[in-house]
Amino acid sequence: MSASSVQSPGRRSFMRKSLIGGGGLVLGFYLDASGGALGRVAKTSGVPAGEFTPNAFIRVSSRGAVTLISKQPEIGQGIKTSLPMVIAEELEVDWKDVEIVQGDLDPAYGRQTAGGSTSTPVNYENFRRLGATARAMLVEAAALAWGVPAGECFAERSAVHHRPSRRSLSYGRLAARAAALPVPNTVALKDPADFKLLGTRVGGVDNRAIVTGKPLFGSDVRLPGMRYAVYEKCPVFGGRVLSANLDAVKAQPGVRDAFVIEGTAHINGLMPGVAIVADSIWAAFSARRQLRVSWDEGKTAGDSWAGFAARANELSRRPGARILRRDGDVAAALAGAAKTVETAYTYPFLSHAPQEPQNCTAAFRNGALELWAPTQNPGSGQEMVTATLGIPKEKIALHITRSGGGFGRRLSGDFILEAAAIAMRTPAPVQLLWSREDDLRHDHYRPGGFHFLRGGLDRGGRLIAWHDHFVTFANAGRPGSGAALSGDEFPGRWVEHCLLEQTALDCGIPMGPWRAPGSNAFAWVIQSFIDELAHAGGRDPLEFRLELLGSRDEVPGGPGTLSYNVARMRNVVKAAAEKSGWGQALPRGRGRGLAFHFSHRGYVAEVAEVTVTNAGRLSVDRVVVVSDIGAQIVNLSGAENQVQGAVLDGLGAMLFQGLGIERGRVVQGNYDDYPMIRMPDARARIEVHFLKTDYPVTGLGEPPLPPLAPAVCNAVFAATGKRVRQLPLSRADLRWD
Amino acid sequence: MSKFTLNINGRSHSVDVAEDTPLLWVLRDTLGLVGTKFGCGIGACGSCTVHLNGVPAPACTTPVSAVGRSKVVTIEGLDPKGAHPLQQAWQELDVPQCGYCQAGQIMTAAALLGKNPDPSDAEIDAAMAGNLCRCGAYLRIREGIHRAAQIATGRRGRK
């Protein structure tokens, strides 16, 4: 086996450090190892005698059983399979012999947040190092046992082998000896050319449990004597309880308690409400139907989507409240342009609507809190409990359960706070379960937005001017998650005369990260408007985009933004065009659309092929997705799942979803009036391609989503001549003749 | 509270619950069979699909009092060894993403294959339209049903 030393200077080493960014710190966490984290064992795993536990993530028993800890929350992104695969690859163990255990929240594991497609880029190189370190120690242990140089030994299939004498010792037999060795300061990583496991198709480690109905999810938690709780909040966000018929509710069958929780003014925190605790969830649901609450609905009870839209239109005629970017002189450039286009794009608030409603199980005993939570962000949940309810951090234990979908919703800690607050008043473990209506009406929503756009072309049909006045949403003056445009957002930094402005409408609607925050909407606006401009100039949309991207290889980012590798983007755009048959003629009523977007370190281009009947019925027939997420696909099966899922998630949101806001509250309540994509609308052939490049390995949960909506809308235009400027698309009239 | 005797996965169970209690909560909370999932409470997402006498039904809108002598089969009882062709195909093709909907998907698909051993894409789509997969694993769910049909009839797989 050839190996490249991670200590040797050179591209690989440099890349790893630049990838991790503040890499010294993150690497340091593991490197401190001999005196710190790497030598430490997580508090949740006791170490039996003779077991080799070189770090918090690996356990090799004296009988050879290998247990790997998955530290990240599993929300359907496949991380519980893929990150342990990285350790297994370097550790040289047979995947089928490995047991994966979900880790609890524990400082020994470092950051445990599943968000921003960061789990892979933050952990990939470190996890290789963890596996390689353990392997080196096992090799060293065998060499000492045999009295031979370690260089004559190699590890393979859970054993160390001595090449000259053909002797072997299993990892189990070496465990006790390896455990006595010091953790080395430097280790050699495998040459990726020798990878056996990474890049192959590996099924999810929980698949067997999933298909046989074993308990896995937060709402599956069952504890002795456990009670069930529901929590009623004001339909207008943040509204306070004036009075409630608690005595009548307490008299309902099976009800143990009912009480008001004052809550806080923090709109993403513990909202005021009424808790009902009962012996069964059905008793709690039934009692809730008898609950009558008088609410102080607060100052935002007049919020409505129609009102927001009218206000946005007024604001569009004035200068933006903030200038995000000003290059050149947009007004002069537009005045002198050979061709200009002026229009507006609008998209609604969206709910995450994960299929498992929010829930959390909590037990409060002797001042200590134990939590079982389907969360993407356990550390933040713990911090919020400490900050809001005053329970010291060290008195809060949190078990991370599998989540029935995340999509960013479970980065919030509101449901954890509610369960904790209810548990503090309940003399038994209690499971808080939201109804579907709670989930849809008390989400932290993807913000809606309005973009008022002007673009100008010169005589050669080149894009010379771009003006976006973005009217967005804020809570108490602060734009919500995904509601702030970056001054570096494409095509800022590319167009000579560029003005990006932002004005925020204050509202009472809580906002939160929704799969590819910001990008999930901005890509649609930007890539659609670029398409409009290409057509206005009589240009081919592919050629227009490649000209716009230009010949630079890298465009540096401003403070706080990543640099943009233009060469990588050009390559995925060209590949998508080539694989989709871009340029080949299609009959009227059929069309191809192209879009690209850089987000979460991933470069993705997509071409959608659609058919629109004369009657306006749209079918998305084919989507070609080309992604560049670096040098290695960890789990090919999981990666394809993520791309297909992101495409269908993006398609469903674009086609069907849009929340009504009236009288300060969300109109829809369940899947019957908030439609999600279903199998009959998921007929597209989705072709998944990865360009393997020599760049750091990055994540895939989010980057393939943003280009989908504009690719489809651009294809609709190509098919029908109709431009979609408002979502959801199902409300658009696509009839043509 | 009322007493009901239910036939679930081939075994008789006596429960004492309010008669309007949906079968879903009897399964999950009274009997501890948590494989059947809660998604919407109105029969709109299919997460809670079980078989009543072989016919797929949403357990969240089926009151326990309406079950009577019907034979209830849940994901836990679909196959004694957890090796129904759909359960095999799901693992072979790595169908699940978050996995929360998959018990319902498999139960609906099992009923489909029970009456139509080799369904077309269109027949699959029609039969599965009531089962939401929020992750969008639909392509592999459809492929998994085709693969299960092959396994059931001993035909060769795609690989």
# chains A, B, ... in the order shown; residues from 1 in each chain; ligands from 1
call {"tool": "interface_residues", "arguments": {"of": "chain A", "to": "chain B", "cutoff": "7 Å", "atoms": "only C-alpha atoms", "output": "PyMOL selection string"}}
result
chain A and resi 75-78+203-204+207-208+210-215+220+280+282+354-357+403-405+436+645+648-649+670-672+678-680+682
call {"tool": "select_by_dssp", "arguments": {"residues": "range 28-196 of chain A", "states": "alpha helix (DSSP H)", "output": "number ranges by chain"}}
result
A: 28-31, 79-91, 119-146, 171-179
call {"tool": "residues_around", "arguments": {"residues": "Ile530 in chain A", "least_positions_apart": "6", "cutoff": "10 Å", "atoms": "only C-alpha atoms", "output": "ChimeraX atom specification"}}
result
/A:455,463,466,491,524,536,541,544-545,548,595,710,714
call {"tool": "write_last_selection", "arguments": {"atoms": "N, CA and C atoms", "output": "compact mmCIF listing (two decimals), in the first residue's frame"}}
result
# COMPACT_ATOMS: atom_id res chain seq x y z
N GLY A 455 -31.85 44.93 -15.93
CA GLY A 455 -30.60 44.47 -16.53
C GLY A 455 -30.40 45.15 -17.87
N LEU A 463 -23.86 41.30 -21.07
CA LEU A 463 -24.49 41.84 -19.86
C LEU A 463 -23.56 42.89 -19.25
N TRP A 466 -26.58 45.38 -13.97
CA TRP A 466 -27.45 44.50 -13.16
C TRP A 466 -27.85 45.26 -11.92
N PRO A 491 -24.65 37.81 -9.98
CA PRO A 491 -23.43 38.12 -10.73
C PRO A 491 -22.66 39.32 -10.20
N TRP A 524 -33.01 30.85 -8.13
CA TRP A 524 -34.16 30.90 -9.05
C TRP A 524 -34.28 32.29 -9.69
N ALA A 536 -33.45 38.17 -24.40
CA ALA A 536 -33.67 39.55 -24.86
C ALA A 536 -32.59 39.96 -25.87
N PRO A 541 -28.72 30.69 -24.24
CA PRO A 541 -28.54 30.82 -22.78
C PRO A 541 -27.26 30.18 -22.25
N PHE A 544 -24.37 32.60 -23.46
CA PHE A 544 -24.48 33.85 -22.68
C PHE A 544 -23.90 33.66 -21.28
N ARG A 545 -24.21 32.51 -20.68
CA ARG A 545 -23.72 32.25 -19.32
C ARG A 545 -22.19 32.04 -19.31
N LEU A 548 -20.56 35.28 -19.59
CA LEU A 548 -20.68 36.02 -18.33
C LEU A 548 -19.68 35.51 -17.30
N ALA A 595 -29.34 26.04 -15.58
CA ALA A 595 -29.04 26.93 -14.45
C ALA A 595 -27.83 26.39 -13.71
N PRO A 710 -34.75 27.23 -11.27
CA PRO A 710 -34.52 28.02 -12.48
C PRO A 710 -34.33 27.15 -13.73
N ASN A 714 -36.67 27.94 -16.78
CA ASN A 714 -36.06 28.30 -18.05
C ASN A 714 -36.47 27.34 -19.16
call {"tool": "closest_residue", "arguments": {"among": "B:Val55, B:Leu23, B:Leu31, B:Val72", "to": "Ala111 in chain B", "atoms": "only C-alpha atoms"}}
result
B:Val55
call {"tool": "atom_distance", "arguments": {"atom1": "CA of Pro319 in chain A", "atom2": "CA of Ala333 in chain A"}}
result
17.3 Å
call {"tool": "residues_around", "arguments": {"residues": "range 442-450 of chain A", "least_positions_apart": "5", "cutoff": "6 Å", "atoms": "only C-alpha atoms", "output": "count of residues only"}}
result
15
call {"tool": "closest_residue", "arguments": {"among": "A:Phe237, A:Pro121, A:Pro392, A:Glu51", "to": "Asp303 in chain A", "atoms": "only C-alpha atoms"}}
result
A:Phe237
call {"tool": "residues_around", "arguments": {"residues": "range 66-72 of chain A", "least_positions_apart": "5", "cutoff": "7 Å", "atoms": "only C-alpha atoms", "output": "ChimeraX atom specification"}}
result
/A:57-61,79-80,84,97-103,109,112-114
call {"tool": "select_by_dssp", "arguments": {"residues": "range 455-577 of chain A", "states": "strand (DSSP E or B)", "output": "PyMOL selection string"}}
result
chain A and resi 455-457+463-475+478-479+497-506+511+554-555+564-565
call {"tool": "write_last_selection", "arguments": {"atoms": "C-alpha atoms", "output": "PDB file, in the first residue's frame"}}
result
ATOM      1  CA  GLY A 455     -30.602  44.468 -16.530  1.00  0.00           C
ATOM      2  CA  GLY A 456     -28.841  46.001 -19.507  1.00  0.00           C
ATOM      3  CA  LEU A 457     -27.028  44.605 -22.546  1.00  0.00           C
ATOM      4  CA  LEU A 463     -24.487  41.844 -19.858  1.00  0.00           C
ATOM      5  CA  ILE A 464     -23.169  45.214 -18.676  1.00  0.00           C
ATOM      6  CA  ALA A 465     -25.634  46.322 -15.989  1.00  0.00           C
ATOM      7  CA  TRP A 466     -27.453  44.500 -13.164  1.00  0.00           C
ATOM      8  CA  HIS A 467     -29.651  46.079 -10.530  1.00  0.00           C
ATOM      9  CA  ASP A 468     -31.516  44.111  -7.862  1.00  0.00           C
ATOM     10  CA  HIS A 469     -33.550  45.865  -5.210  1.00  0.00           C
ATOM     11  CA  PHE A 470     -34.347  42.986  -2.901  1.00  0.00           C
ATOM     12  CA  VAL A 471     -37.269  43.494  -0.540  1.00  0.00           C
ATOM     13  CA  THR A 472     -36.957  40.929   2.198  1.00  0.00           C
ATOM     14  CA  PHE A 473     -38.218  40.144   5.699  1.00  0.00           C
ATOM     15  CA  ALA A 474     -36.875  40.860   9.166  1.00  0.00           C
ATOM     16  CA  ASN A 475     -37.853  40.244  12.752  1.00  0.00           C
ATOM     17  CA  ARG A 478     -32.833  41.640  11.702  1.00  0.00           C
ATOM     18  CA  PRO A 479     -33.284  39.794   8.394  1.00  0.00           C
ATOM     19  CA  HIS A 497     -22.149  48.079 -13.418  1.00  0.00           C
ATOM     20  CA  CYS A 498     -23.807  46.335 -10.520  1.00  0.00           C
ATOM     21  CA  LEU A 499     -26.098  47.647  -7.799  1.00  0.00           C
ATOM     22  CA  LEU A 500     -27.460  45.324  -5.119  1.00  0.00           C
ATOM     23  CA  GLU A 501     -29.808  46.923  -2.600  1.00  0.00           C
ATOM     24  CA  GLN A 502     -31.846  45.473   0.214  1.00  0.00           C
ATOM     25  CA  THR A 503     -34.846  46.699   2.166  1.00  0.00           C
ATOM     26  CA  ALA A 504     -36.374  44.584   4.921  1.00  0.00           C
ATOM     27  CA  LEU A 505     -40.036  44.456   5.872  1.00  0.00           C
ATOM     28  CA  ASP A 506     -40.475  43.842   9.544  1.00  0.00           C
ATOM     29  CA  MET A 511     -37.726  32.435   9.951  1.00  0.00           C
ATOM     30  CA  GLU A 554     -10.958  32.290  -9.453  1.00  0.00           C
ATOM     31  CA  VAL A 555     -12.816  35.322  -8.151  1.00  0.00           C
ATOM     32  CA  TYR A 564     -15.611  31.513  -6.303  1.00  0.00           C
ATOM     33  CA  ASN A 565     -13.758  29.034  -8.456  1.00  0.00           C
TER      34      ASN A 565
END
call {"tool": "residues_around", "arguments": {"residues": "Ala179 in chain A", "least_positions_apart": "6", "cutoff": "8 Å", "atoms": "only C-alpha atoms", "output": "PyMOL selection string"}}
result
chain A and resi 50-54
call {"tool": "write_last_selection", "arguments": {"atoms": "C-alpha atoms", "output": "PDB file, in the first residue's frame"}}
result
ATOM      1  CA  GLY A  50      -8.392  -5.102  26.927  1.00  0.00           C
ATOM      2  CA  GLU A  51     -10.351  -2.805  24.631  1.00  0.00           C
ATOM      3  CA  PHE A  52      -8.469  -0.545  22.259  1.00  0.00           C
ATOM      4  CA  THR A  53      -9.998   2.915  22.295  1.00  0.00           C
ATOM      5  CA  PRO A  54      -7.521   5.239  20.617  1.00  0.00           C
TER       6      PRO A  54
END
call {"tool": "atom_distance", "arguments": {"atom1": "CA of Trp434 in chain A", "atom2": "CA of Phe415 in chain A"}}
result
8.6 Å
call {"tool": "atom_distance", "arguments": {"atom1": "CA of Ala321 in chain A", "atom2": "CA of Gly477 in chain A"}}
result
11.5 Å
